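Visitor: Below is the file protein-v9.tsv, which contains TSV, C-alpha atoms (C1' of nucleotides).
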chain	number	residue	atom	x	y	z
T	21	MET	CA	170.31	77.93	70.77
T	22	LYS	CA	167.99	75.15	71.84
T	23	GLU	CA	166.11	73.72	68.88
T	24	LYS	CA	162.67	72.69	70.03
T	25	LYS	CA	161.14	69.79	68.19
T	26	LYS	CA	158.29	70.65	65.85
T	27	ARG	CA	155.04	68.87	66.62
T	28	SER	CA	154.21	68.64	62.93
T	29	ASN	CA	154.79	70.40	59.63
T	30	CYS	CA	151.39	72.08	59.74
T	31	PRO	CA	151.84	75.84	59.25
T	32	VAL	CA	149.58	76.62	62.19
T	33	SER	CA	151.38	74.19	64.46
T	34	CYS	CA	154.82	75.50	63.42
T	35	SER	CA	153.71	79.04	64.11
T	36	LEU	CA	152.26	78.19	67.51
T	37	ASP	CA	155.48	76.37	68.40
T	38	ILE	CA	157.18	79.77	68.28
T	39	TRP	CA	154.66	82.32	69.50
T	40	GLY	CA	151.72	80.22	70.70
T	41	ASP	CA	151.52	81.40	74.28
T	42	LYS	CA	149.92	84.15	76.32
T	43	TRP	CA	152.84	86.60	76.13
T	44	SER	CA	154.82	86.48	72.88
T	45	LEU	CA	152.31	88.31	70.71
T	46	LEU	CA	151.95	91.01	73.37
T	47	ILE	CA	155.67	91.70	72.98
T	48	VAL	CA	155.18	91.83	69.22
T	49	ARG	CA	152.18	94.11	69.71
T	50	ASP	CA	154.24	96.53	71.80
T	51	LEU	CA	156.90	96.60	69.10
T	52	MET	CA	154.33	97.24	66.38
T	53	PHE	CA	152.97	100.20	68.31
T	54	SER	CA	156.25	101.65	69.56
T	55	LYS	CA	158.59	100.54	66.74
T	56	GLN	CA	161.33	99.92	69.32
T	57	CYS	CA	161.24	99.08	73.00
T	58	THR	CA	163.64	98.60	75.87
T	59	TYR	CA	163.32	95.80	78.39
T	60	GLY	CA	161.79	98.31	80.77
T	61	ASP	CA	159.25	99.44	78.18
T	62	PHE	CA	157.84	95.92	77.94
T	63	LEU	CA	157.56	95.76	81.72
T	64	LYS	CA	155.48	98.94	81.70
T	65	SER	CA	152.74	97.31	79.62
T	66	GLU	CA	149.33	96.92	81.19
T	67	GLU	CA	149.47	93.13	81.40
T	68	LYS	CA	152.41	93.14	83.84
T	69	ILE	CA	154.62	90.39	82.51
T	70	ALA	CA	157.07	88.89	85.02
T	71	THR	CA	160.72	89.72	84.42
T	72	ASN	CA	161.83	86.11	84.01
T	73	ILE	CA	159.03	85.35	81.55
T	74	LEU	CA	159.89	88.47	79.59
T	75	ALA	CA	163.55	87.48	79.38
T	76	SER	CA	162.58	83.98	78.31
T	77	ARG	CA	160.16	85.17	75.60
T	78	LEU	CA	162.57	87.77	74.25
T	79	GLN	CA	165.17	85.05	73.91
T	80	THR	CA	162.83	82.70	72.08
T	81	LEU	CA	161.64	85.47	69.76
T	82	GLU	CA	165.24	86.44	69.05
T	83	GLU	CA	166.28	82.84	68.44
T	84	ASN	CA	163.47	82.56	65.94
T	85	ARG	CA	164.45	85.85	64.28
T	86	ILE	CA	161.17	87.62	65.04
T	87	ILE	CA	163.01	90.36	66.92
T	88	THR	CA	166.57	91.66	67.20
T	89	LYS	CA	168.53	93.31	69.98
T	90	SER	CA	170.54	96.41	69.18
T	91	ASP	CA	172.50	99.08	70.98
T	92	HIS	CA	170.62	102.02	72.37
T	93	PRO	CA	172.05	105.24	70.88
T	94	ASP	CA	171.90	107.07	74.22
T	95	SER	CA	173.27	104.53	76.66
T	96	LYS	CA	175.23	101.30	76.90
T	97	ALA	CA	173.04	100.22	79.79
T	98	LYS	CA	169.95	100.15	77.60
T	99	VAL	CA	169.06	97.63	74.91
T	100	LEU	CA	166.75	98.27	71.99
T	101	TYR	CA	164.48	95.54	70.74
T	102	LYS	CA	163.08	95.79	67.21
T	103	LEU	CA	161.04	93.65	64.87
T	104	THR	CA	162.76	91.88	62.00
T	105	GLN	CA	161.05	91.54	58.61
T	106	LYS	CA	159.74	88.20	59.86
T	107	GLY	CA	158.30	90.01	62.87
T	108	ILE	CA	156.86	92.81	60.77
T	109	ASP	CA	155.16	90.19	58.62
T	110	LEU	CA	153.09	89.20	61.66
T	111	LEU	CA	151.19	92.48	61.19
T	112	PRO	CA	148.31	90.98	59.14
T	113	ILE	CA	147.78	88.37	61.84
T	114	MET	CA	147.82	91.07	64.51
T	115	ILE	CA	145.28	93.12	62.58
T	116	GLU	CA	142.92	90.19	62.09
T	117	ILE	CA	143.16	89.41	65.81
T	118	ASN	CA	142.19	93.00	66.54
T	119	LEU	CA	139.26	92.88	64.13
T	120	TRP	CA	138.02	89.63	65.62
T	121	ALA	CA	138.35	90.97	69.15
T	122	GLU	CA	136.54	94.15	68.21
T	123	LYS	CA	133.58	92.06	67.13
T	124	TYR	CA	133.37	90.01	70.31
T	125	PHE	CA	134.81	92.15	73.12
T	126	THR	CA	134.42	95.66	74.39
T	127	ILE	CA	137.65	97.34	73.48
T	128	PRO	CA	139.11	100.77	74.28
T	129	ALA	CA	137.96	103.73	72.19
T	130	ASP	CA	141.43	104.62	70.96
T	131	GLN	CA	141.91	101.10	69.65
T	132	LYS	CA	138.54	101.27	67.95
T	133	ALA	CA	139.57	104.46	66.20
T	134	ILE	CA	142.59	102.75	64.70
T	135	LEU	CA	140.49	99.80	63.57
T	136	LYS	CA	138.11	102.20	61.86
T	137	GLU	CA	141.06	103.30	59.76
T	138	VAL	CA	142.01	99.69	59.08
T	139	LYS	CA	138.55	98.85	57.83
T	140	LYS	CA	138.48	101.78	55.43
T	141	ASP	CA	141.24	100.20	53.40
T	142	LYS	CA	142.95	97.22	54.95
T	143	GLU	CA	145.48	96.69	52.16
T	144	THR	CA	146.74	100.25	52.26
T	145	PHE	CA	146.83	100.36	56.04
T	146	ILE	CA	148.98	97.25	56.19
T	147	LYS	CA	151.28	98.45	53.43
T	148	THR	CA	151.81	101.80	55.14
T	149	ALA	CA	152.27	100.32	58.59
T	150	LYS	CA	154.73	97.73	57.29
T	151	ASN	CA	156.74	100.43	55.58
T	152	ASP	CA	156.86	102.50	58.74
T	153	LEU	CA	158.14	99.51	60.67
T	154	LYS	CA	160.63	98.63	57.94
T	155	LYS	CA	162.27	102.03	58.29
T	156	MET	CA	163.24	101.13	61.85
T	157	ILE	CA	165.14	97.93	61.04
P	17	MET	CA	131.80	78.32	84.25
P	18	LYS	CA	134.99	79.73	85.70
P	19	GLU	CA	135.46	83.34	84.64
P	20	LYS	CA	139.17	83.96	84.21
P	21	LYS	CA	140.30	87.47	84.94
P	22	LYS	CA	141.31	89.51	81.91
P	23	ARG	CA	144.86	90.79	82.00
P	24	SER	CA	143.80	93.99	80.23
P	25	ASN	CA	141.22	95.32	77.79
P	26	CYS	CA	143.65	95.16	74.88
P	27	PRO	CA	142.05	93.20	72.03
P	28	VAL	CA	145.16	91.09	71.55
P	29	SER	CA	145.42	90.31	75.24
P	30	CYS	CA	141.71	89.43	75.49
P	31	SER	CA	142.03	87.10	72.52
P	32	LEU	CA	145.12	85.39	73.89
P	33	ASP	CA	143.35	84.94	77.23
P	34	ILE	CA	140.99	82.59	75.39
P	35	TRP	CA	143.02	80.82	72.72
P	36	GLY	CA	146.60	81.89	73.39
P	37	ASP	CA	148.21	78.52	73.88
P	38	LYS	CA	149.80	75.78	71.83
P	39	TRP	CA	146.64	73.72	71.31
P	40	SER	CA	143.43	75.75	71.03
P	41	LEU	CA	143.97	77.00	67.49
P	42	LEU	CA	144.85	73.48	66.35
P	43	ILE	CA	141.40	72.39	67.48
P	44	VAL	CA	139.91	75.32	65.57
P	45	ARG	CA	142.05	74.40	62.56
P	46	ASP	CA	140.72	70.84	62.59
P	47	LEU	CA	137.16	72.14	62.71
P	48	MET	CA	137.80	74.53	59.84
P	49	PHE	CA	139.10	71.70	57.69
P	50	SER	CA	136.62	69.01	58.71
P	51	LYS	CA	133.56	71.19	59.55
P	52	GLN	CA	132.75	68.87	62.42
P	53	CYS	CA	134.84	66.56	64.56
P	54	THR	CA	134.37	64.01	67.30
P	55	TYR	CA	136.64	63.80	70.33
P	56	GLY	CA	138.40	60.93	68.67
P	57	ASP	CA	138.95	62.92	65.47
P	58	PHE	CA	140.91	65.54	67.39
P	59	LEU	CA	143.04	62.82	68.95
P	60	LYS	CA	143.92	61.51	65.48
P	61	SER	CA	145.62	64.78	64.53
P	62	GLU	CA	149.31	64.71	63.80
P	63	GLU	CA	150.31	66.74	66.86
P	64	LYS	CA	149.08	64.11	69.31
P	65	ILE	CA	147.29	66.14	71.95
P	66	ALA	CA	146.89	64.45	75.33
P	67	THR	CA	143.33	63.44	76.22
P	68	ASN	CA	143.14	65.57	79.36
P	69	ILE	CA	144.48	68.65	77.56
P	70	LEU	CA	141.98	68.10	74.76
P	71	ALA	CA	139.09	67.87	77.22
P	72	SER	CA	140.28	71.00	78.99
P	73	ARG	CA	140.66	73.00	75.76
P	74	LEU	CA	137.30	71.87	74.40
P	75	GLN	CA	135.70	73.05	77.62
P	76	THR	CA	137.37	76.46	77.49
P	77	LEU	CA	136.50	76.91	73.83
P	78	GLU	CA	132.91	75.94	74.55
P	79	GLU	CA	132.69	78.24	77.57
P	80	ASN	CA	133.88	81.06	75.36
P	81	ARG	CA	131.40	80.14	72.64
P	82	ILE	CA	134.01	79.39	69.99
P	83	ILE	CA	132.67	75.85	69.58
P	84	THR	CA	129.50	73.93	70.45
P	85	LYS	CA	128.81	70.33	71.30
P	86	SER	CA	125.94	68.58	69.59
P	87	ASP	CA	124.49	65.12	69.24
P	88	HIS	CA	125.93	62.82	66.65
P	89	PRO	CA	123.18	61.67	64.26
P	90	ASP	CA	124.46	58.09	64.20
P	91	SER	CA	125.12	57.39	67.84
P	92	LYS	CA	124.48	58.63	71.35
P	93	ALA	CA	127.99	57.58	72.30
P	94	LYS	CA	129.52	60.12	69.94
P	95	VAL	CA	129.64	63.88	70.31
P	96	LEU	CA	129.96	66.34	67.46
P	97	TYR	CA	131.96	69.49	67.91
P	98	LYS	CA	131.32	72.42	65.56
P	99	LEU	CA	132.44	76.01	65.24
P	100	THR	CA	130.07	78.79	66.24
P	101	GLN	CA	129.91	82.02	64.26
P	102	LYS	CA	132.50	83.38	66.69
P	103	GLY	CA	134.70	80.43	65.86
P	104	ILE	CA	134.12	80.76	62.13
P	105	ASP	CA	135.18	84.38	62.41
P	106	LEU	CA	138.63	83.19	63.42
P	107	LEU	CA	139.12	82.14	59.79
P	108	PRO	CA	140.89	85.34	58.66
P	109	ILE	CA	143.36	84.95	61.53
P	110	MET	CA	143.91	81.32	60.59
P	111	ILE	CA	144.53	82.26	56.98
P	112	GLU	CA	147.03	84.97	57.86
P	113	ILE	CA	148.86	82.52	60.11
P	114	ASN	CA	149.07	80.12	57.19
P	115	LEU	CA	150.35	82.81	54.85
P	116	TRP	CA	152.97	83.90	57.36
P	117	ALA	CA	154.07	80.33	57.95
P	118	GLU	CA	154.27	79.66	54.24
P	119	LYS	CA	156.77	82.50	53.92
P	120	TYR	CA	159.03	81.32	56.73
P	121	PHE	CA	158.65	77.56	56.97
P	122	THR	CA	158.67	74.61	54.62
P	123	ILE	CA	155.11	73.45	54.55
P	124	PRO	CA	153.37	70.44	52.97
P	125	ALA	CA	152.51	70.61	49.27
P	126	ASP	CA	148.78	70.12	49.77
P	127	GLN	CA	148.67	73.05	52.16
P	128	LYS	CA	150.60	75.15	49.66
P	129	ALA	CA	148.04	74.34	46.99
P	130	ILE	CA	145.25	75.70	49.16
P	131	LEU	CA	147.22	78.85	49.92
P	132	LYS	CA	147.72	79.39	46.20
P	133	GLU	CA	143.94	79.55	45.93
P	134	VAL	CA	143.78	81.93	48.88
P	135	LYS	CA	146.26	84.30	47.31
P	136	LYS	CA	144.37	84.45	44.03
P	137	ASP	CA	141.48	86.20	45.75
P	138	LYS	CA	141.62	86.29	49.51
P	139	GLU	CA	138.29	88.06	50.00
P	140	THR	CA	136.34	85.58	47.93
P	141	PHE	CA	138.10	82.60	49.46
P	142	ILE	CA	137.22	83.74	52.97
P	143	LYS	CA	133.65	84.54	52.05
P	144	THR	CA	133.14	81.12	50.44
P	145	ALA	CA	134.85	79.23	53.24
P	146	LYS	CA	132.86	81.09	55.88
P	147	ASN	CA	129.62	80.28	54.08
P	148	ASP	CA	130.53	76.62	53.87
P	149	LEU	CA	131.21	76.56	57.59
P	150	LYS	CA	128.06	78.50	58.37
P	151	LYS	CA	125.96	75.81	56.71
P	152	MET	CA	127.13	73.35	59.35
P	153	ILE	CA	125.99	75.34	62.38
L	25	DT	C1'	185.49	110.87	93.09
L	26	DA	C1'	182.08	108.41	95.82
L	27	DT	C1'	177.46	107.02	96.17
L	28	DT	C1'	173.00	106.21	94.63
L	29	DT	C1'	169.89	104.95	90.96
L	30	DT	C1'	168.69	102.80	86.69
L	31	DT	C1'	168.69	98.98	83.50
L	32	DG	C1'	168.60	94.41	82.13
L	33	DC	C1'	168.57	90.65	83.51
L	34	DT	C1'	169.19	85.96	86.90
L	35	DT	C1'	167.94	83.06	90.81
L	36	DG	C1'	165.04	80.64	94.19
L	37	DC	C1'	160.94	78.70	95.15
L	38	DA	C1'	155.88	77.74	95.49
L	39	DA	C1'	151.92	77.14	92.63
L	40	DA	C1'	149.84	75.99	88.44
L	41	DT	C1'	149.88	73.60	84.13
L	42	DT	C1'	151.31	69.90	81.06
L	43	DG	C1'	151.94	65.34	79.47
L	44	DC	C1'	151.78	60.49	79.90
L	45	DA	C1'	149.47	56.27	81.32
L	46	DA	C1'	145.88	54.08	83.23
L	47	DG	C1'	141.33	53.93	84.60
L	48	DT	C1'	135.92	54.65	84.23
L	49	DT	C1'	131.35	55.08	82.24
L	50	DC	C1'	127.95	54.51	79.01
L	51	DA	C1'	126.43	53.18	74.32
L	52	DA	C1'	126.62	49.96	70.69
L	53	DA	C1'	128.08	45.86	68.26
L	54	DG	C1'	128.79	40.97	68.13
K	18	DC	C1'	125.83	38.77	77.69
K	19	DT	C1'	130.26	39.96	76.61
K	20	DT	C1'	133.37	42.78	74.13
K	21	DT	C1'	134.51	46.91	71.79
K	22	DG	C1'	134.46	51.87	71.09
K	23	DA	C1'	133.91	56.63	72.37
K	24	DA	C1'	134.44	60.27	75.56
K	25	DC	C1'	136.17	61.51	79.05
K	26	DT	C1'	138.54	61.45	84.24
K	27	DT	C1'	142.19	60.53	87.49
K	28	DG	C1'	146.88	60.13	89.36
K	29	DC	C1'	151.24	61.62	89.23
K	30	DA	C1'	155.82	63.23	87.61
K	31	DA	C1'	157.88	66.81	84.95
K	32	DT	C1'	157.82	71.22	83.18
K	33	DT	C1'	156.39	75.99	83.18
K	34	DT	C1'	154.67	80.04	85.44
K	35	DG	C1'	154.60	83.82	88.51
K	36	DC	C1'	156.20	86.38	92.35
K	37	DA	C1'	159.97	88.35	95.00
K	38	DA	C1'	164.50	89.17	95.65
K	39	DG	C1'	169.18	89.61	94.08
K	40	DC	C1'	172.92	91.17	91.07
K	41	DA	C1'	176.33	93.40	87.86
K	42	DA	C1'	177.30	97.11	84.83
K	43	DA	C1'	176.33	101.71	83.39
K	44	DA	C1'	174.61	106.30	84.33
K	45	DA	C1'	173.18	109.94	87.16
K	46	DT	C1'	173.84	112.53	91.23
K	47	DA	C1'	176.22	114.48	95.15
In structure tokens, write the structure found in this file.

Guide:
Amino acid sequence: MKEKKKRSNCPVSCSLDIWGDKWSLLIVRDLMFSKQCTYGDFLKSEEKIATNILASRLQTLEENRIITKSDHPDSKAKVLYKLTQKGIDLLPIMIEINLWAEKYFTIPADQKAILKEVKKDKETFIKTAKNDLKKMI
Amino acid sequence: MKEKKKRSNCPVSCSLDIWGDKWSLLIVRDLMFSKQCTYGDFLKSEEKIATNILASRLQTLEENRIITKSDHPDSKAKVLYKLTQKGIDLLPIMIEINLWAEKYFTIPADQKAILKEVKKDKETFIKTAKNDLKKMI
DNA sequence: TATTTTTGCTTGCAAATTGCAAGTTCAAAG
DNA sequence: CTTTGAACTTGCAATTTGCAAGCAAAAATA
């Protein structure tokens, strides 16, 4: 496990050291939507991540205990990736990103529908969603 | 202004297209703390951003209307950078990043003190902080 | 049982980005 | 008029990205 040097002790800087790139939070997003994904599932996402980048990001996220690998119940050839508690705790950040983006971009209708639910009662939405994800650990 | 192609219409992806890197949110962080910064102020930050990277990020953030350049009242040689409303609206994301980091990293005492205030009443903290920033526009 | 397909990667390589150091330009101070 | 300061720009090596192809093990198919 290669320990990368922190740029500073600033909470924002420390966070970005781990997932501050164009791809990591998309992996986390997929896991928040799907609860668990295979390597192939990530590749199916709209943004078309390259296989080597995916492997690299999954490794970094695993090293930093944001995600875990586990055996797929159906097949030894498949691997299941899941969020850890640390990964689940990124949910509030993910939600605020969505709310910000909703204000400044045109986003898909189905996403808007979810955000409508979020805005009704953010606290409850997060609590429920976190619990749902926790069940999968 | 070079229009970069969006990877998808996903709100998270669109957001990361703009500020999904190791430096952009540190610039935003500095502006949230200091309200307004000069080029030199950014360079003084602990993380030691390179001058060319700083110039490049400032340009991208300006192109995407997260920040604006304005004249410094004291000198024509200086430039003031400020957050726009779009930039100010990143505050909830910034706060959630801080709260997440506080849970999983050891962070400086002064930062912890601020987060204690945040946790007392998040809504009010954000509203007040946003108003303070808005005054500077 | 033999062969093909699926799955999760790894490898090679060109292109783009980053990071460091050293300019450059214009305003302001001495 | 010379020096300093502020905001960049430039050059270049090192790292990272992105695309395509390859590969080994497991599973499905013939």

Visitor: Given only C-alpha atoms (C1' of nucleotides), how would the per-residue table for chain T near chain K read, listing every residue at most 12 Å away with its closest atom pair and distance in Å to one decimal, sorted by chain and number, as a tab-separated table?

Guide:
residue	atom	partner	partner_atom	distance
T:Asp41	CA	K:DT33	C1'	11.5
T:Lys42	CA	K:DT34	C1'	11.1
T:Trp43	CA	K:DT34	C1'	11.5
T:Lys68	CA	K:DG35	C1'	10.7
T:Ile69	CA	K:DG35	C1'	8.9
T:Ala70	CA	K:DG35	C1'	6.6
T:Thr71	CA	K:DG35	C1'	9.4
T:Asn72	CA	K:DG35	C1'	8.8
T:Ile73	CA	K:DT34	C1'	7.9
T:Leu74	CA	K:DG35	C1'	11.4
T:Ser76	CA	K:DT33	C1'	11.2
T:Asp94	CA	K:DA44	C1'	10.5
T:Ser95	CA	K:DA43	C1'	7.9
T:Lys96	CA	K:DA43	C1'	6.6
T:Ala97	CA	K:DA43	C1'	5.1
T:Lys98	CA	K:DA43	C1'	8.8
T:Val99	CA	K:DA43	C1'	11.9

Visitor: Using only C-alpha atoms (C1' of nucleotides), find the residues of chain L whose closest atom to chain P is at most 10 Å away, then write them as number ranges by chain.

Guide: L: 41-44, 50-52

Visitor: Write the selection just made, keeping C-alpha atoms (C1' of nucleotides), as an mmCIF file, keeping the file's coordinate frame?

Guide:
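Saved to again03.cif:
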data_model
loop_
_atom_site.group_PDB
_atom_site.id
_atom_site.type_symbol
_atom_site.label_atom_id
_atom_site.label_comp_id
_atom_site.auth_asym_id
_atom_site.auth_seq_id
_atom_site.Cartn_x
_atom_site.Cartn_y
_atom_site.Cartn_z
ATOM 1 C "C1'" DT L 41 149.880 73.600 84.130
ATOM 2 C "C1'" DT L 42 151.310 69.900 81.060
ATOM 3 C "C1'" DG L 43 151.940 65.340 79.470
ATOM 4 C "C1'" DC L 44 151.780 60.490 79.900
ATOM 5 C "C1'" DC L 50 127.950 54.510 79.010
ATOM 6 C "C1'" DA L 51 126.430 53.180 74.320
ATOM 7 C "C1'" DA L 52 126.620 49.960 70.690
#

Visitor: Rounded to one decimal, what separation in Å do you get between atom CA of P:Pro27 and atom CA of T:Phe125?

Guide: 7.4 Å

Visitor: Determine, using only C-alpha atoms, which residues of chain T have any atom at most 9 Å from an atom of chain P, and tabulate each with its shortest atom pair and distance in Å to one decimal place, rows ordered by chain and then rising number, as a Markdown table.

Guide:
| residue | atom | partner | partner_atom | distance |
| --- | --- | --- | --- | --- |
| T:Lys26 | CA | P:Glu63 | CA | 8.9 |
| T:Arg27 | CA | P:Glu63 | CA | 5.2 |
| T:Ser28 | CA | P:Glu63 | CA | 5.9 |
| T:Asn29 | CA | P:Ile123 | CA | 5.9 |
| T:Cys30 | CA | P:Ile123 | CA | 6.5 |
| T:Pro31 | CA | P:Ala117 | CA | 5.2 |
| T:Val32 | CA | P:Asn114 | CA | 6.1 |
| T:Ser33 | CA | P:Leu42 | CA | 6.8 |
| T:Cys34 | CA | P:Ala117 | CA | 7.3 |
| T:Ser35 | CA | P:Ala117 | CA | 6.3 |
| T:Leu36 | CA | P:Lys38 | CA | 5.5 |
| T:Asp37 | CA | P:Lys38 | CA | 6.7 |
| T:Trp39 | CA | P:Lys38 | CA | 8.5 |
| T:Gly40 | CA | P:Lys38 | CA | 5.0 |
| T:Asp41 | CA | P:Asp37 | CA | 4.4 |
| T:Lys42 | CA | P:Gly36 | CA | 5.0 |
| T:Trp43 | CA | P:Leu32 | CA | 8.1 |
| T:Leu45 | CA | P:Val28 | CA | 7.7 |
| T:Leu46 | CA | P:Ser29 | CA | 6.8 |
| T:Arg49 | CA | P:Val28 | CA | 7.9 |
| T:Glu66 | CA | P:Ser24 | CA | 6.3 |
| T:Glu67 | CA | P:Arg23 | CA | 5.2 |
| T:Lys68 | CA | P:Arg23 | CA | 8.1 |
| T:Lys106 | CA | P:Tyr120 | CA | 7.6 |
| T:Asp109 | CA | P:Trp116 | CA | 6.8 |
| T:Leu110 | CA | P:Trp116 | CA | 6.8 |
| T:Pro112 | CA | P:Glu112 | CA | 6.3 |
| T:Ile113 | CA | P:Glu112 | CA | 5.3 |
| T:Met114 | CA | P:Val28 | CA | 7.5 |
| T:Ile115 | CA | P:Ile109 | CA | 8.5 |
| T:Glu116 | CA | P:Ile109 | CA | 5.3 |
| T:Ile117 | CA | P:Ile109 | CA | 6.2 |
| T:Asn118 | CA | P:Pro27 | CA | 5.5 |
| T:Leu119 | CA | P:Pro27 | CA | 8.4 |
| T:Trp120 | CA | P:Asp105 | CA | 6.8 |
| T:Ala121 | CA | P:Pro27 | CA | 5.2 |
| T:Glu122 | CA | P:Pro27 | CA | 6.8 |
| T:Lys123 | CA | P:Lys102 | CA | 8.8 |
| T:Tyr124 | CA | P:Lys102 | CA | 7.6 |
| T:Phe125 | CA | P:Pro27 | CA | 7.4 |
| T:Thr126 | CA | P:Asn25 | CA | 7.6 |
| T:Ile127 | CA | P:Asn25 | CA | 5.9 |
| T:Pro128 | CA | P:Asn25 | CA | 6.8 |
| T:Gln131 | CA | P:Cys26 | CA | 8.1 |

Visitor: In Å, with one decimal, what is the gap from atom CA of T:Ile157 to atom C1' of L:DC33?

Guide: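 Separating atom CA of T:Ile157 from atom C1' of L:DC33 is a distance of 23.9 Å.
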
Visitor: If I take atom CA of T:Ser90 and atom CA of T:Ala149, how far is one from the other in Å, to one decimal?

Guide: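 So the answer is 21.5 Å.
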
Visitor: Produce the centre coordinates and the three edge lengths, each in Å to one decimal, of the box along x, y and z that contains all listed atoms of stretch 19-38 of chain K with 8 Å added on each side, as AutoDock Vina command-line options.

Guide:
--center_x 147.4 --center_y 64.6 --center_z 83.4 --size_x 50.2 --size_y 65.2 --size_z 40.6

Visitor: Please provide the set of residues having any atom within 8 Å of P:Thr84, restricted to only C-alpha atoms (C1' of nucleotides), with same-chain residues fewer than 6 positions apart removed, written as a ChimeraX atom specification.

Guide: /P:78,97-100

Visitor: Can you pull out every residue within 7 Å of T:Tyr59, counting all atoms listed in the file, but drop anything in the same chain fewer than 2 positions away, and send it as number ranges by chain?

Guide: T: 57, 61-63, 99; L: 32
